[in-house]
Amino acid sequence: QVQLVESGGGSVQAGGSLRLSCISSYGGCMGWFRQAPGKEREGVASISPVSSTIRYGDRVKGRFFISKDKVKNTVYLQMNGLQPEDTAMYYCAAHASCDLNSQWRYWGQGTQVTVSS
């Protein structure tokens with residue numbers, strides 16, 4: 001069973017930064033998704049096993065950055081320039097494909113990010 005453990009969520013003012021972490025020994029693609037109340041789940045970023053392919057959702061390009069530390073089995077999501085519309089539950093996910101539009105197989109419990117204006 002693949003386990004994904006997220007951390008790093010919290011509350012921040014607009015313009016601030018947060019870094020999310022996800023610990024997992026899964027060897028395939030890793031990604032971050034988010035879902036705000038009343039909205040559909042949105043793909044935020046994904047990274048391939050050797051970090052050669054990185055993808056971002058349109059709304060976070062240039063502000064969010066995904067990276068991986070293979071030694072620590074940890075994937076990070078650095079979020080800069082946070083805005084109230086970034087408020088959501090953020091989920092770490094794992095899947096064989098890195099396509100943010102595919103049905104990802106494994107999911108973490110989520111970590112809440114709240115951005116105040």
# chains A, B, ... in the order shown; residues from 1 in each chain; ligands from 1
call {"tool": "residues_around", "arguments": {"residues": "segment 3-18 of chain A", "least_positions_apart": "6", "cutoff": "7 Å", "atoms": "only C-alpha atoms", "output": "mmCIF file with C-alpha atoms, in the first residue's frame"}}
result
data_model
loop_
_atom_site.group_PDB
_atom_site.id
_atom_site.type_symbol
_atom_site.label_atom_id
_atom_site.label_comp_id
_atom_site.auth_asym_id
_atom_site.auth_seq_id
_atom_site.Cartn_x
_atom_site.Cartn_y
_atom_site.Cartn_z
ATOM 1 C CA SER A 24 6.377 8.794 0.171
ATOM 2 C CA GLN A 78 6.985 25.865 -2.739
ATOM 3 C CA MET A 79 4.142 28.347 -2.979
ATOM 4 C CA ASN A 80 5.004 32.011 -3.426
ATOM 5 C CA GLY A 81 2.832 35.047 -3.954
ATOM 6 C CA LEU A 82 -0.132 33.340 -2.350
ATOM 7 C CA GLN A 83 -3.538 34.872 -2.957
ATOM 8 C CA PRO A 84 -6.924 34.282 -1.308
ATOM 9 C CA CYS A 92 -0.327 14.964 -2.429
ATOM 10 C CA TRP A 107 -3.829 10.122 -2.330
ATOM 11 C CA GLY A 108 -2.762 11.643 0.939
ATOM 12 C CA GLY A 110 -4.594 16.603 2.619
ATOM 13 C CA THR A 111 -3.299 19.733 4.289
ATOM 14 C CA GLN A 112 -5.226 22.986 4.526
ATOM 15 C CA VAL A 113 -3.873 26.229 3.106
ATOM 16 C CA THR A 114 -5.700 29.432 3.969
ATOM 17 C CA VAL A 115 -4.718 32.801 2.523
ATOM 18 C CA SER A 116 -6.234 35.950 3.963
ATOM 19 C CA SER A 117 -6.417 39.311 2.222
#
call {"tool": "select_by_dssp", "arguments": {"residues": "chain A", "states": "strand (DSSP E or B)", "output": "PyMOL selection string"}}
result
chain A and resi 5-7+10-13+18-23+29-35+42-47+54-56+64-69+74-79+88-95+106-107+111-116
call {"tool": "residues_around", "arguments": {"residues": "segment 52-54 of chain A", "least_positions_apart": "2", "cutoff": "12 Å", "atoms": "only C-alpha atoms", "output": "PyMOL selection string"}}
result
chain A and resi 28-32+44-50+56-57+61+64-68+77+97-100
call {"tool": "write_last_selection", "arguments": {"atoms": "N, CA, C and O atoms", "output": "short mmCIF file (atom, residue, chain, number, x, y, z; two decimals), in the first residue's frame"}}
result
data_model
loop_
_atom_site.label_atom_id
_atom_site.label_comp_id
_atom_site.auth_asym_id
_atom_site.auth_seq_id
_atom_site.Cartn_x
_atom_site.Cartn_y
_atom_site.Cartn_z
N GLY A 28 6.98 6.35 -8.75
CA GLY A 28 6.44 6.90 -9.99
C GLY A 28 6.28 8.41 -9.91
O GLY A 28 7.00 9.09 -9.20
N CYS A 29 5.29 8.92 -10.64
CA CYS A 29 5.04 10.36 -10.65
C CYS A 29 4.39 10.81 -9.34
O CYS A 29 3.59 10.08 -8.75
N MET A 30 4.77 11.99 -8.91
CA MET A 30 4.18 12.59 -7.72
C MET A 30 3.54 13.91 -8.10
O MET A 30 4.05 14.62 -8.99
N GLY A 31 2.47 14.25 -7.43
CA GLY A 31 1.80 15.48 -7.79
C GLY A 31 1.11 16.13 -6.62
O GLY A 31 0.96 15.53 -5.55
N TRP A 32 0.70 17.38 -6.84
CA TRP A 32 -0.09 18.12 -5.87
C TRP A 32 -1.38 18.57 -6.54
O TRP A 32 -1.36 19.05 -7.69
N VAL A 44 -2.31 20.97 -9.56
CA VAL A 44 -1.40 22.07 -9.27
C VAL A 44 -0.03 21.83 -9.92
O VAL A 44 0.48 22.70 -10.62
N ALA A 45 0.56 20.68 -9.66
CA ALA A 45 1.90 20.40 -10.20
C ALA A 45 2.18 18.91 -10.13
O ALA A 45 1.64 18.21 -9.28
N SER A 46 3.03 18.45 -11.04
CA SER A 46 3.48 17.07 -10.99
C SER A 46 4.95 17.00 -11.37
O SER A 46 5.47 17.89 -12.07
N ILE A 47 5.60 15.92 -10.92
CA ILE A 47 7.03 15.75 -11.18
C ILE A 47 7.28 14.28 -11.46
O ILE A 47 6.75 13.39 -10.80
N SER A 48 8.10 14.03 -12.47
CA SER A 48 8.40 12.66 -12.87
C SER A 48 9.42 12.03 -11.92
O SER A 48 10.06 12.74 -11.15
N PRO A 49 9.60 10.72 -11.98
CA PRO A 49 10.48 10.03 -11.04
C PRO A 49 11.91 10.57 -10.96
O PRO A 49 12.48 10.62 -9.88
N VAL A 50 12.46 10.98 -12.09
CA VAL A 50 13.83 11.50 -12.07
C VAL A 50 13.84 13.01 -12.21
O VAL A 50 14.87 13.60 -12.53
N TYR A 56 2.78 22.17 -14.48
CA TYR A 56 2.07 23.05 -13.57
C TYR A 56 0.69 23.38 -14.12
O TYR A 56 0.49 23.47 -15.34
N GLY A 57 -0.24 23.58 -13.21
CA GLY A 57 -1.54 24.09 -13.60
C GLY A 57 -1.40 25.54 -14.02
O GLY A 57 -0.51 26.26 -13.54
N LYS A 61 1.42 28.73 -12.43
CA LYS A 61 2.70 28.86 -13.14
C LYS A 61 3.41 30.16 -12.75
O LYS A 61 2.81 31.22 -12.71
N PHE A 64 4.31 28.81 -8.07
CA PHE A 64 4.50 27.56 -7.34
C PHE A 64 5.59 26.75 -8.02
O PHE A 64 5.71 26.75 -9.25
N PHE A 65 6.35 26.01 -7.19
CA PHE A 65 7.45 25.22 -7.73
C PHE A 65 7.50 23.88 -7.02
O PHE A 65 7.53 23.82 -5.79
N ILE A 66 7.52 22.80 -7.80
CA ILE A 66 7.57 21.46 -7.25
C ILE A 66 8.99 20.93 -7.37
O ILE A 66 9.69 21.22 -8.35
N SER A 67 9.41 20.20 -6.36
CA SER A 67 10.75 19.61 -6.39
C SER A 67 10.73 18.31 -5.59
O SER A 67 9.77 18.02 -4.88
N LYS A 68 11.82 17.57 -5.73
CA LYS A 68 11.88 16.27 -5.07
C LYS A 68 13.26 16.05 -4.48
O LYS A 68 14.27 16.38 -5.08
N LEU A 77 6.27 21.38 -2.43
CA LEU A 77 5.58 22.38 -3.23
C LEU A 77 5.84 23.73 -2.58
O LEU A 77 5.29 24.03 -1.52
N SER A 97 1.26 7.87 -14.28
CA SER A 97 1.32 8.96 -15.24
C SER A 97 1.43 10.30 -14.53
O SER A 97 0.85 10.50 -13.48
N CYS A 98 2.17 11.22 -15.13
CA CYS A 98 2.33 12.56 -14.56
C CYS A 98 1.28 13.55 -15.09
O CYS A 98 1.31 14.73 -14.70
N ASP A 99 0.39 13.09 -15.95
CA ASP A 99 -0.63 13.96 -16.51
C ASP A 99 -1.58 14.42 -15.42
O ASP A 99 -2.24 13.58 -14.77
N LEU A 100 -1.70 15.72 -15.20
CA LEU A 100 -2.55 16.25 -14.14
C LEU A 100 -4.03 16.01 -14.42
O LEU A 100 -4.85 16.13 -13.51
#
call {"tool": "closest_residue", "arguments": {"among": "A:Pro37, A:Gly27, A:Gly43, A:Gly62", "to": "Tyr91 of chain A", "atoms": "only C-alpha atoms"}}
result
A:Gly43
call {"tool": "closest_residue", "arguments": {"among": "A:Arg105, A:Lys39, A:Arg55, A:Arg63", "to": "Arg19 of chain A", "atoms": "only C-alpha atoms"}}
result
A:Arg63
call {"tool": "closest_residue", "arguments": {"among": "A:Val71, A:Thr87, A:Phe33, A:Ser25", "to": "Trp104 of chain A", "atoms": "only C-alpha atoms"}}
result
A:Phe33
call {"tool": "closest_residue", "arguments": {"among": "A:Lys70, A:Val2, A:Gln103, A:Ala93", "to": "Tyr26 of chain A", "atoms": "only C-alpha atoms"}}
result
A:Val2
call {"tool": "closest_residue", "arguments": {"among": "A:Ile23, A:Glu42, A:Val75, A:Gln35", "to": "Asn101 of chain A", "atoms": "only C-alpha atoms"}}
result
A:Glu42
call {"tool": "closest_residue", "arguments": {"among": "A:Glu85, A:His95, A:Gln109, A:Thr74", "to": "Leu20 of chain A", "atoms": "only C-alpha atoms"}}
result
A:Thr74
call {"tool": "atom_distance", "arguments": {"atom1": "atom CA of Asp86 of chain A", "atom2": "atom CA of Cys22 of chain A"}}
result
18.5 Å
call {"tool": "atom_distance", "arguments": {"atom1": "atom CA of Ala94 of chain A", "atom2": "atom CA of Gly38 of chain A"}}
result
23.9 Å
